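Q: What follows is entry18.cif, made up of mmCIF, C-alpha atoms and all ligand atoms:
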```cif
data_model
loop_
_atom_site.group_PDB
_atom_site.id
_atom_site.type_symbol
_atom_site.label_atom_id
_atom_site.label_comp_id
_atom_site.auth_asym_id
_atom_site.auth_seq_id
_atom_site.Cartn_x
_atom_site.Cartn_y
_atom_site.Cartn_z
ATOM 1 C CA MET A 1 74.566 58.558 70.575
ATOM 2 C CA LYS A 2 75.137 61.156 73.257
ATOM 3 C CA TYR A 3 77.973 63.669 73.289
ATOM 4 C CA CYS A 4 79.186 66.792 75.036
ATOM 5 C CA ARG A 5 81.810 69.468 74.409
ATOM 6 C CA PHE A 6 84.236 70.361 77.163
ATOM 7 C CA LEU A 7 87.615 71.757 78.095
ATOM 8 C CA LEU A 8 90.355 69.307 79.013
ATOM 9 C CA ASP A 9 93.689 70.813 80.048
ATOM 10 C CA GLY A 10 92.734 73.897 78.093
ATOM 11 C CA HIS A 11 91.852 71.974 74.922
ATOM 12 C CA VAL A 12 88.381 72.046 73.382
ATOM 13 C CA CYS A 13 87.239 68.403 73.155
ATOM 14 C CA TYR A 14 84.146 66.464 72.293
ATOM 15 C CA GLY A 15 83.288 63.427 74.393
ATOM 16 C CA THR A 16 80.997 60.449 73.982
ATOM 17 C CA VAL A 17 78.567 60.306 76.905
ATOM 18 C CA GLU A 18 77.061 57.171 78.408
ATOM 19 C CA GLU A 19 74.807 56.585 81.385
ATOM 20 C CA ARG A 20 76.343 54.631 84.279
ATOM 21 C CA ASP A 21 74.249 53.969 87.404
ATOM 22 C CA GLY A 22 71.893 56.805 86.521
ATOM 23 C CA GLU A 23 74.683 59.322 85.985
ATOM 24 C CA PHE A 24 76.146 60.673 82.748
ATOM 25 C CA TRP A 25 79.836 59.888 82.185
ATOM 26 C CA ILE A 26 82.189 61.071 79.481
ATOM 27 C CA VAL A 27 83.653 57.725 78.445
ATOM 28 C CA ARG A 28 85.970 58.643 75.570
ATOM 29 C CA LEU A 29 86.978 61.493 73.328
ATOM 30 C CA ALA A 30 84.813 61.787 70.249
ATOM 31 C CA LEU A 31 85.357 63.177 66.815
ATOM 32 C CA ALA A 32 83.506 66.434 66.500
ATOM 33 C CA PRO A 33 80.389 66.321 64.383
ATOM 34 C CA ASP A 34 81.052 66.866 60.677
ATOM 35 C CA GLU A 35 81.108 70.435 59.444
ATOM 36 C CA ASP A 36 81.297 71.785 62.954
ATOM 37 C CA MET A 37 83.284 75.006 63.031
ATOM 38 C CA ALA A 38 84.837 74.252 66.414
ATOM 39 C CA PHE A 39 86.120 70.937 65.094
ATOM 40 C CA HIS A 40 87.789 72.573 62.127
ATOM 41 C CA LEU A 41 89.489 75.085 64.383
ATOM 42 C CA ALA A 42 90.640 72.390 66.821
ATOM 43 C CA HIS A 43 91.870 70.289 63.933
ATOM 44 C CA LEU A 44 93.780 73.177 62.400
ATOM 45 C CA ARG A 45 95.501 73.723 65.714
ATOM 46 C CA GLY A 46 96.443 70.055 65.764
ATOM 47 C CA GLU A 47 94.917 69.650 69.190
ATOM 48 C CA SER A 48 92.955 66.518 68.559
ATOM 49 C CA GLN A 49 95.774 63.955 68.617
ATOM 50 C CA SER A 50 97.817 64.267 71.769
ATOM 51 C CA ILE A 51 95.328 64.513 74.614
ATOM 52 C CA LYS A 52 95.303 61.933 77.427
ATOM 53 C CA PHE A 53 91.829 61.125 78.696
ATOM 54 C CA GLU A 54 90.324 59.058 81.510
ATOM 55 C CA PRO A 55 86.528 58.572 81.807
ATOM 56 C CA MET A 56 84.967 61.137 84.128
ATOM 57 C CA PRO A 57 81.496 61.974 85.425
ATOM 58 C CA LEU A 58 79.929 64.659 83.238
ATOM 59 C CA SER A 59 79.234 66.627 86.433
ATOM 60 C CA THR A 60 82.971 67.065 87.054
ATOM 61 C CA ALA A 61 83.841 68.214 83.512
ATOM 62 C CA GLN A 62 84.386 71.830 82.502
ATOM 63 C CA LEU A 63 81.500 71.847 80.048
ATOM 64 C CA LEU A 64 81.097 74.133 77.051
ATOM 65 C CA PRO A 65 77.930 74.709 75.030
ATOM 66 C CA PRO A 66 77.686 71.393 73.120
ATOM 67 C CA VAL A 67 77.221 73.128 69.756
ATOM 68 C CA THR A 68 78.766 76.019 67.828
ATOM 69 C CA PRO A 69 75.820 77.239 65.767
ATOM 70 C CA SER A 70 75.992 79.739 62.922
ATOM 71 C CA LYS A 71 72.562 80.873 64.141
ATOM 72 C CA ILE A 72 69.993 80.127 66.820
ATOM 73 C CA VAL A 73 66.447 80.104 65.462
ATOM 74 C CA CYS A 74 63.700 80.308 68.064
ATOM 75 C CA VAL A 75 59.953 79.807 68.038
ATOM 76 C CA GLY A 76 57.751 82.010 70.223
ATOM 77 C CA ARG A 77 54.407 80.923 71.671
ATOM 78 C CA ASN A 78 54.490 77.273 70.640
ATOM 79 C CA TYR A 79 52.473 76.140 73.679
ATOM 80 C CA ARG A 80 48.852 77.345 74.106
ATOM 81 C CA ASP A 81 49.140 77.771 77.883
ATOM 82 C CA HIS A 82 52.199 79.992 77.556
ATOM 83 C CA ALA A 83 50.631 82.197 74.846
ATOM 84 C CA LYS A 84 47.624 82.615 77.149
ATOM 85 C CA GLU A 85 49.616 83.444 80.304
ATOM 86 C CA LEU A 86 51.215 86.458 78.584
ATOM 87 C CA GLY A 87 47.839 87.552 77.171
ATOM 88 C CA ASN A 88 48.764 86.704 73.582
ATOM 89 C CA GLU A 89 46.725 85.067 70.827
ATOM 90 C CA VAL A 90 47.666 81.559 69.749
ATOM 91 C CA PRO A 91 49.585 82.335 66.539
ATOM 92 C CA ALA A 92 48.232 81.180 63.174
ATOM 93 C CA GLU A 93 51.785 80.678 61.874
ATOM 94 C CA PRO A 94 55.041 80.023 63.750
ATOM 95 C CA LEU A 95 56.504 83.183 65.284
ATOM 96 C CA LEU A 96 60.256 83.195 64.617
ATOM 97 C CA PHE A 97 63.137 85.162 66.074
ATOM 98 C CA PHE A 98 66.905 84.773 66.434
ATOM 99 C CA LYS A 99 69.245 84.746 69.359
ATOM 100 C CA PRO A 100 72.848 85.597 68.404
ATOM 101 C CA PRO A 101 75.612 82.992 68.899
ATOM 102 C CA SER A 102 77.211 85.532 71.271
ATOM 103 C CA SER A 103 74.366 84.801 73.725
ATOM 104 C CA LEU A 104 75.477 81.167 74.207
ATOM 105 C CA LEU A 105 76.375 80.103 77.726
ATOM 106 C CA ALA A 106 77.767 76.809 79.012
ATOM 107 C CA PRO A 107 76.002 74.605 81.551
ATOM 108 C CA GLY A 108 76.951 75.923 84.987
ATOM 109 C CA GLY A 109 77.705 79.400 83.582
ATOM 110 C CA VAL A 110 76.398 82.565 85.199
ATOM 111 C CA VAL A 111 73.720 84.560 83.376
ATOM 112 C CA GLN A 112 74.587 88.250 83.643
ATOM 113 C CA MET A 113 71.586 90.486 84.269
ATOM 114 C CA LEU A 114 72.518 93.968 83.065
ATOM 115 C CA PRO A 115 71.127 97.328 84.179
ATOM 116 C CA ALA A 116 69.435 97.816 80.761
ATOM 117 C CA SER A 117 66.660 95.432 81.877
ATOM 118 C CA ALA A 118 64.653 95.378 85.101
ATOM 119 C CA ARG A 119 62.903 92.067 84.410
ATOM 120 C CA VAL A 120 64.681 88.920 83.273
ATOM 121 C CA ASP A 121 62.626 85.717 82.802
ATOM 122 C CA PHE A 122 63.560 82.068 82.341
ATOM 123 C CA GLU A 123 62.057 79.956 79.529
ATOM 124 C CA GLY A 124 62.926 76.242 79.630
ATOM 125 C CA GLU A 125 62.890 74.710 76.134
ATOM 126 C CA LEU A 126 63.769 71.673 74.059
ATOM 127 C CA ALA A 127 66.325 72.544 71.354
ATOM 128 C CA LEU A 128 67.017 70.688 68.102
ATOM 129 C CA VAL A 129 70.544 70.477 66.755
ATOM 130 C CA ILE A 130 70.672 70.436 62.957
ATOM 131 C CA GLY A 131 72.884 67.714 61.465
ATOM 132 C CA ARG A 132 72.622 68.319 57.749
ATOM 133 C CA ARG A 133 72.137 71.436 55.655
ATOM 134 C CA ALA A 134 68.376 71.932 55.356
ATOM 135 C CA SER A 135 66.737 74.163 52.778
ATOM 136 C CA ARG A 136 63.146 74.210 51.571
ATOM 137 C CA LEU A 137 62.132 71.014 53.316
ATOM 138 C CA LYS A 138 58.635 69.798 52.519
ATOM 139 C CA PRO A 139 56.277 69.094 55.426
ATOM 140 C CA ASP A 140 56.393 65.399 54.518
ATOM 141 C CA ALA A 141 60.228 65.273 54.231
ATOM 142 C CA ASP A 142 62.217 62.767 56.284
ATOM 143 C CA TRP A 143 62.970 65.547 58.777
ATOM 144 C CA ARG A 144 64.788 63.285 61.227
ATOM 145 C CA ALA A 145 67.568 62.904 58.635
ATOM 146 C CA TYR A 146 68.337 66.611 59.152
ATOM 147 C CA VAL A 147 68.448 66.465 62.951
ATOM 148 C CA ARG A 148 71.682 65.524 64.729
ATOM 149 C CA GLY A 149 70.012 65.373 68.104
ATOM 150 C CA TYR A 150 68.384 67.265 70.920
ATOM 151 C CA THR A 151 69.527 69.328 73.871
ATOM 152 C CA VAL A 152 68.183 71.575 76.623
ATOM 153 C CA ALA A 153 68.064 75.379 76.388
ATOM 154 C CA ASN A 154 66.965 78.334 78.471
ATOM 155 C CA ASP A 155 65.594 81.143 76.287
ATOM 156 C CA VAL A 156 66.403 83.858 78.825
ATOM 157 C CA THR A 157 64.370 86.975 78.044
ATOM 158 C CA ALA A 158 64.396 90.611 79.163
ATOM 159 C CA ARG A 159 60.593 90.741 79.366
ATOM 160 C CA ASP A 160 60.409 94.500 79.847
ATOM 161 C CA LEU A 161 62.503 95.186 76.735
ATOM 162 C CA GLN A 162 60.547 92.611 74.700
ATOM 163 C CA LYS A 163 57.456 94.758 75.265
ATOM 164 C CA LYS A 164 59.221 98.128 75.030
ATOM 165 C CA ASP A 165 61.294 97.554 71.874
ATOM 166 C CA GLY A 166 58.478 96.246 69.660
ATOM 167 C CA GLN A 167 60.804 93.524 68.345
ATOM 168 C CA TRP A 168 62.836 91.059 70.302
ATOM 169 C CA THR A 169 66.470 91.335 69.221
ATOM 170 C CA ARG A 170 67.763 93.061 72.331
ATOM 171 C CA ALA A 171 65.405 91.325 74.784
ATOM 172 C CA LYS A 172 66.472 87.867 73.630
ATOM 173 C CA GLY A 173 70.015 88.638 72.578
ATOM 174 C CA PHE A 174 71.986 89.765 75.627
ATOM 175 C CA ASP A 175 75.313 88.019 76.199
ATOM 176 C CA THR A 176 74.755 84.850 78.319
ATOM 177 C CA PHE A 177 70.986 84.732 77.562
ATOM 178 C CA CYS A 178 71.195 81.346 75.809
ATOM 179 C CA PRO A 179 72.386 78.613 78.202
ATOM 180 C CA VAL A 180 72.530 75.285 76.314
ATOM 181 C CA GLY A 181 73.451 71.693 77.233
ATOM 182 C CA PRO A 182 74.732 69.649 78.963
ATOM 183 C CA ILE A 183 74.636 67.030 76.169
ATOM 184 C CA VAL A 184 73.289 66.389 72.680
ATOM 185 C CA SER A 185 71.435 63.103 72.212
ATOM 186 C CA ASP A 186 69.632 61.450 69.324
ATOM 187 C CA GLU A 187 68.228 58.779 71.642
ATOM 188 C CA VAL A 188 65.062 60.684 72.594
ATOM 189 C CA ASP A 189 61.876 61.241 70.591
ATOM 190 C CA PRO A 190 60.061 64.552 71.053
ATOM 191 C CA GLU A 191 57.115 63.342 68.972
ATOM 192 C CA ALA A 192 56.563 60.559 71.501
ATOM 193 C CA GLY A 193 56.584 63.218 74.236
ATOM 194 C CA LEU A 194 59.431 64.701 76.271
ATOM 195 C CA THR A 195 58.750 66.365 79.589
ATOM 196 C CA VAL A 196 60.211 69.859 79.938
ATOM 197 C CA GLU A 197 60.540 70.943 83.575
ATOM 198 C CA THR A 198 62.019 74.140 84.984
ATOM 199 C CA ARG A 199 62.922 74.661 88.622
ATOM 200 C CA VAL A 200 63.929 77.948 90.235
ATOM 201 C CA ASN A 201 65.904 77.437 93.456
ATOM 202 C CA GLY A 202 64.542 73.872 93.501
ATOM 203 C CA GLU A 203 60.874 74.850 93.124
ATOM 204 C CA LEU A 204 58.996 73.456 90.101
ATOM 205 C CA ARG A 205 57.811 76.336 87.910
ATOM 206 C CA GLN A 206 57.286 74.835 84.433
ATOM 207 C CA HIS A 207 56.029 71.390 83.523
ATOM 208 C CA GLY A 208 55.158 70.799 79.868
ATOM 209 C CA SER A 209 55.294 68.112 77.221
ATOM 210 C CA THR A 210 56.533 68.374 73.665
ATOM 211 C CA THR A 211 53.294 66.643 72.620
ATOM 212 C CA ASP A 212 51.610 69.995 73.386
ATOM 213 C CA PHE A 213 53.472 71.926 70.668
ATOM 214 C CA ILE A 214 51.128 74.072 68.559
ATOM 215 C CA PHE A 215 53.445 73.555 65.567
ATOM 216 C CA SER A 216 55.087 70.152 65.158
ATOM 217 C CA ILE A 217 58.792 69.792 64.438
ATOM 218 C CA PRO A 218 58.278 68.903 60.738
ATOM 219 C CA ALA A 219 55.907 71.877 60.384
ATOM 220 C CA LEU A 220 58.500 74.176 61.995
ATOM 221 C CA LEU A 221 61.337 72.871 59.833
ATOM 222 C CA ALA A 222 59.280 73.289 56.657
ATOM 223 C CA TYR A 223 58.262 76.814 57.680
ATOM 224 C CA ILE A 224 61.761 77.932 58.663
ATOM 225 C CA THR A 225 63.630 76.382 55.740
ATOM 226 C CA ALA A 226 61.184 77.897 53.250
ATOM 227 C CA ALA A 227 63.063 81.111 54.067
ATOM 228 C CA ILE A 228 66.308 80.251 55.875
ATOM 229 C CA THR A 229 68.919 77.555 55.214
ATOM 230 C CA LEU A 230 69.788 75.699 58.396
ATOM 231 C CA GLU A 231 73.411 74.614 58.710
ATOM 232 C CA PRO A 232 74.893 71.703 60.685
ATOM 233 C CA GLY A 233 75.230 72.719 64.307
ATOM 234 C CA ASP A 234 72.449 75.326 64.123
ATOM 235 C CA LEU A 235 70.011 75.345 67.018
ATOM 236 C CA LEU A 236 66.235 75.479 66.907
ATOM 237 C CA LEU A 237 64.599 76.425 70.204
ATOM 238 C CA THR A 238 61.072 75.024 70.149
ATOM 239 C CA GLY A 239 59.236 77.332 72.561
ATOM 240 C CA THR A 240 58.435 77.280 76.264
ATOM 241 C CA PRO A 241 55.519 75.904 78.277
ATOM 242 C CA ALA A 242 53.506 77.985 80.746
ATOM 243 C CA GLY A 243 54.998 79.112 84.046
ATOM 244 C CA VAL A 244 57.605 81.691 83.005
ATOM 245 C CA GLY A 245 58.493 84.336 85.540
ATOM 246 C CA PRO A 246 61.046 86.896 86.692
ATOM 247 C CA LEU A 247 64.362 86.090 88.328
ATOM 248 C CA ALA A 248 66.438 87.789 90.985
ATOM 249 C CA ALA A 249 70.195 87.897 91.429
ATOM 250 C CA GLY A 250 71.361 84.720 93.138
ATOM 251 C CA ASP A 251 68.611 82.516 91.647
ATOM 252 C CA ARG A 252 69.513 79.135 90.215
ATOM 253 C CA VAL A 253 67.482 77.832 87.253
ATOM 254 C CA GLU A 254 67.454 74.163 86.302
ATOM 255 C CA VAL A 255 65.813 72.986 83.086
ATOM 256 C CA ALA A 256 65.392 69.208 82.919
ATOM 257 C CA ILE A 257 64.302 67.086 79.951
ATOM 258 C CA GLY A 258 64.087 63.307 80.222
ATOM 259 C CA GLY A 259 67.128 61.652 78.622
ATOM 260 C CA LEU A 260 68.918 64.973 78.083
ATOM 261 C CA GLY A 261 69.938 65.767 81.644
ATOM 262 C CA VAL A 262 69.668 69.006 83.582
ATOM 263 C CA LEU A 263 70.822 72.431 82.398
ATOM 264 C CA SER A 264 71.702 74.425 85.510
ATOM 265 C CA ASN A 265 72.706 78.101 85.596
ATOM 266 C CA SER A 266 72.824 80.793 88.223
ATOM 267 C CA PHE A 267 71.843 84.419 87.662
ATOM 268 C CA ALA A 268 73.808 87.442 88.813
ATOM 269 C CA GLN A 269 73.329 91.190 88.634
ATOM 270 C CA ALA A 270 76.141 92.614 86.539
ATOM 271 C CA ALA A 271 77.608 96.008 87.358
ATOM 272 C CA GLU A 272 76.943 99.103 85.238
HETATM 273 MG MG MG A 301 61.156 81.066 74.195
#
```
Output the file's structure in the form of structure tokens.
Ligand code: MG

A:
Amino acid sequence: MKYCRFLLDGHVCYGTVEERDGEFWIVRLALAPDEDMAFHLAHLRGESQSIKFEPMPLSTAQLLPPVTPSKIVCVGRNYRDHAKELGNEVPAEPLLFFKPPSSLLAPGGVVQMLPASARVDFEGELALVIGRRASRLKPDADWRAYVRGYTVANDVTARDLQKKDGQWTRAKGFDTFCPVGPIVSDEVDPEAGLTVETRVNGELRQHGSTTDFIFSIPALLAYITAAITLEPGDLLLTGTPAGVGPLAAGDRVEVAIGGLGVLSNSFAQAAE
């Protein structure tokens, strides 16, 4: 199943997405995923009953981030080539960090580059969406039972502050530094290999495959949930392939993953 989250006449809705002639369409309103905070809020407001809907191309919808995570867990340096390009060792254990939910940005949204950083990089990544509370999973657990689906993310990073601060909270956590979407799908298989491609102003800059992960998805889930309970709707960003680089105001970044569509965002210099 594929779904998105979008605004329709000012109402937050979920929609079932299907492919028609090579294009994604929102074909009907969908129930929000269980235990999703946005669903509970929409339900409380009684918004879910009275909305009229006609199928529409996904590209014409006012999309929102497709998930409302309680936390966004990220893995650094999960591709050898990327660890090498920044002069880092290949890690012996997964390197984890968080992005705050306040960094989420919708597909088509504008990433705000603030004066606090002089170098902002893109990082195209596959993201997992958790579907079931996961705690202390074993490496041989049926991990797919805990995954609702997959989506596309851009782990936007203030590279100068990542080096300067000694830890990554500020560098990774600016408002708008986590574009996600456009859809969530459980119809793709990262273990079989998904191509992650990033284009800046149309030029191909990253081309990787999820078969090149240093740490597999079950290994990551076991490692993370040994310490942290993952809740439904939580995001796991799985790391970026080689090719990262700085952006300038006016740039457009597109991250494409087969079967998951294209996440497109522009970058702008925000005022002081
Ligand atoms: Mg990253």

Q: Which neighbours of stretch 198-204 of chain A fall inside 7 Å, counting all atoms listed in the file, when residues of the same chain fewer than 3 positions from it are skipped, and could you give them as a compact mmCIF listing (two decimals) with C-alpha atoms, in the coordinates of the input?

A:
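Result file is result-v2.txt:
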```txt
# COMPACT_ATOMS: atom_id res chain seq x y z
CA GLY A 124 62.93 76.24 79.63
CA HIS A 207 56.03 71.39 83.52
CA ASP A 251 68.61 82.52 91.65
CA ARG A 252 69.51 79.14 90.22
CA VAL A 253 67.48 77.83 87.25
CA GLU A 254 67.45 74.16 86.30
CA VAL A 255 65.81 72.99 83.09
CA ALA A 256 65.39 69.21 82.92
```

Q: Within 9 Å of ligand MG 301 (chain A), counting all atoms listed in the file: which residues, as a list in words?

A: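 For ligand MG 301 (chain A), the residues inside 9 Å are Cys74, Val75, Gly76, Arg77, Asn78, Phe122, Glu123, Gly124, Glu125, Asn154, Asp155, Val156, Thr157, Lys172, Leu237, Thr238, Gly239, Thr240 and Pro241 of chain A.
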
Q: Would you put the residues from that selection into a file with C-alpha atoms, as a PDB file, in the coordinates of the input?

A:
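Dumped everything to selection36.pdb:
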```
ATOM      1  CA  CYS A  74      63.700  80.308  68.064  1.00  0.00           C
ATOM      2  CA  VAL A  75      59.953  79.807  68.038  1.00  0.00           C
ATOM      3  CA  GLY A  76      57.751  82.010  70.223  1.00  0.00           C
ATOM      4  CA  ARG A  77      54.407  80.923  71.671  1.00  0.00           C
ATOM      5  CA  ASN A  78      54.490  77.273  70.640  1.00  0.00           C
ATOM      6  CA  PHE A 122      63.560  82.068  82.341  1.00  0.00           C
ATOM      7  CA  GLU A 123      62.057  79.956  79.529  1.00  0.00           C
ATOM      8  CA  GLY A 124      62.926  76.242  79.630  1.00  0.00           C
ATOM      9  CA  GLU A 125      62.890  74.710  76.134  1.00  0.00           C
ATOM     10  CA  ASN A 154      66.965  78.334  78.471  1.00  0.00           C
ATOM     11  CA  ASP A 155      65.594  81.143  76.287  1.00  0.00           C
ATOM     12  CA  VAL A 156      66.403  83.858  78.825  1.00  0.00           C
ATOM     13  CA  THR A 157      64.370  86.975  78.044  1.00  0.00           C
ATOM     14  CA  LYS A 172      66.472  87.867  73.630  1.00  0.00           C
ATOM     15  CA  LEU A 237      64.599  76.425  70.204  1.00  0.00           C
ATOM     16  CA  THR A 238      61.072  75.024  70.149  1.00  0.00           C
ATOM     17  CA  GLY A 239      59.236  77.332  72.561  1.00  0.00           C
ATOM     18  CA  THR A 240      58.435  77.280  76.264  1.00  0.00           C
ATOM     19  CA  PRO A 241      55.519  75.904  78.277  1.00  0.00           C
TER      20      PRO A 241
END
```

Q: For the PyMOL selection byres (((chain A and resi 7) around 12) and not hetatm), applied here, can you spell out every residue it catches as a PDB file with C-alpha atoms, in the frame of the given file?

A:
```
ATOM      1  CA  CYS A   4      79.186  66.792  75.036  1.00  0.00           C
ATOM      2  CA  ARG A   5      81.810  69.468  74.409  1.00  0.00           C
ATOM      3  CA  PHE A   6      84.236  70.361  77.163  1.00  0.00           C
ATOM      4  CA  LEU A   8      90.355  69.307  79.013  1.00  0.00           C
ATOM      5  CA  ASP A   9      93.689  70.813  80.048  1.00  0.00           C
ATOM      6  CA  GLY A  10      92.734  73.897  78.093  1.00  0.00           C
ATOM      7  CA  HIS A  11      91.852  71.974  74.922  1.00  0.00           C
ATOM      8  CA  VAL A  12      88.381  72.046  73.382  1.00  0.00           C
ATOM      9  CA  CYS A  13      87.239  68.403  73.155  1.00  0.00           C
ATOM     10  CA  TYR A  14      84.146  66.464  72.293  1.00  0.00           C
ATOM     11  CA  GLY A  15      83.288  63.427  74.393  1.00  0.00           C
ATOM     12  CA  LEU A  29      86.978  61.493  73.328  1.00  0.00           C
ATOM     13  CA  ALA A  42      90.640  72.390  66.821  1.00  0.00           C
ATOM     14  CA  GLU A  47      94.917  69.650  69.190  1.00  0.00           C
ATOM     15  CA  ILE A  51      95.328  64.513  74.614  1.00  0.00           C
ATOM     16  CA  PHE A  53      91.829  61.125  78.696  1.00  0.00           C
ATOM     17  CA  LEU A  58      79.929  64.659  83.238  1.00  0.00           C
ATOM     18  CA  THR A  60      82.971  67.065  87.054  1.00  0.00           C
ATOM     19  CA  ALA A  61      83.841  68.214  83.512  1.00  0.00           C
ATOM     20  CA  GLN A  62      84.386  71.830  82.502  1.00  0.00           C
ATOM     21  CA  LEU A  63      81.500  71.847  80.048  1.00  0.00           C
ATOM     22  CA  LEU A  64      81.097  74.133  77.051  1.00  0.00           C
ATOM     23  CA  PRO A  65      77.930  74.709  75.030  1.00  0.00           C
ATOM     24  CA  PRO A  66      77.686  71.393  73.120  1.00  0.00           C
ATOM     25  CA  ALA A 106      77.767  76.809  79.012  1.00  0.00           C
TER      26      ALA A 106
END
```

Q: Pick the closest to A:Leu86 from A:Ala242, A:Ala248, A:Leu260, A:Ala226: which is it, counting all atoms listed in the file?

A: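 Going through A:Ala242, A:Ala248, A:Leu260, A:Ala226 one by one, the smallest distance to A:Leu86 is for A:Ala242.
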
Q: Report, in Å to a single decimal, how far apart atom CA of A:Phe98 and atom CA of A:Gln269 are.

A: 24.0 Å

Q: Decode the PyMOL selection byres (((chain A and resi 263) around 6) and not hetatm) for the given file into explicit residues and return them as a ChimeraX atom specification.

A: /A:107,181-182,254-255,262,264

Q: Here is a test: counting only C-alpha atoms, which residue of A:Gly22, A:Arg144, A:Glu85, A:Ser70 is nearest to A:Leu221?

A: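 Among A:Gly22, A:Arg144, A:Glu85, A:Ser70, it is A:Arg144 that comes nearest to A:Leu221.
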
Q: From the list A:Ala171, A:Leu194, A:Ala268, A:Ala127, which residue is nearest A:Phe97 when using all atoms listed in the file?

A: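 Among A:Ala171, A:Leu194, A:Ala268, A:Ala127, it is A:Ala171 that comes nearest to A:Phe97.
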
Q: Starting from the displayed file, determine the output of the PyMOL selection byres (((chain A and resi 1) around 6) and not hetatm) and express the residue list as a list in words.

A: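 So the PyMOL selection byres (((chain A and resi 1) around 6) and not hetatm), applied here, picks out Lys2, Ser185 and Asp186 of chain A.
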
Q: Closest to A:Thr225 among A:Tyr79, A:Trp143, A:Tyr150, A:Trp25, using only C-alpha atoms?

A: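 Closest to A:Thr225 of all the choices is A:Trp143.
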
Q: Between atom CA of A:Pro232 and atom CA of A:Arg133, what distance in Å does the model show, to one decimal?

A: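 Between atom CA of A:Pro232 and atom CA of A:Arg133 the gap works out to 5.7 Å.
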
Q: Atom CA of A:Ala270 to atom CA of A:Ala116: how many Å, to one decimal?

A: 10.3 Å

Q: Would you mind telling me which residue in A:Gly208, A:Gly233, A:Gly108, A:Pro55 lies nearest to A:Pro190 when using all atoms listed in the file?

A: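 Nearest to A:Pro190: A:Gly208.
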
Q: Between A:Leu128, A:Ile228, A:Ala158, A:Ala271, which residue has the minimum interatomic distance to A:Val180, considering only C-alpha atoms?

A: A:Leu128

Q: Identify the residues within 9 Å of coordinate (49.7, 82.7, 68.1) (same frame as the file), considering only C-alpha atoms, and give the answer as a list in words.

A: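 Every polymer residue passing the test: Gly76, Arg77, Asn78, Arg80, Ala83, Asn88, Glu89, Val90, Pro91, Ala92, Glu93, Pro94, Leu95 and Ile214 of chain A.
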
Q: Draw an axis-aligned box tight on the listed atoms of stretch 183-200 of chain A, then pad every side by 6 Å and write out centre and edge lengths in Å to one decimal as JSON.

A:
```
{"center_x": 65.6, "center_y": 68.4, "center_z": 79.6, "size_x": 30.1, "size_y": 31.2, "size_z": 33.3}
```

Q: Tell me, as a compact mmCIF listing (two decimals) with C-alpha atoms, keeping the file's coordinate frame, which residues lie within 7 Å of stretch 109-111 of chain A, counting all atoms listed in the file; anything in the same chain fewer than 6 positions away does not count.

A:
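Generated file (selection_33.txt):
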```
# COMPACT_ATOMS: atom_id res chain seq x y z
CA THR A 176 74.76 84.85 78.32
CA PHE A 177 70.99 84.73 77.56
CA ASN A 265 72.71 78.10 85.60
CA SER A 266 72.82 80.79 88.22
CA PHE A 267 71.84 84.42 87.66
CA ALA A 268 73.81 87.44 88.81
```
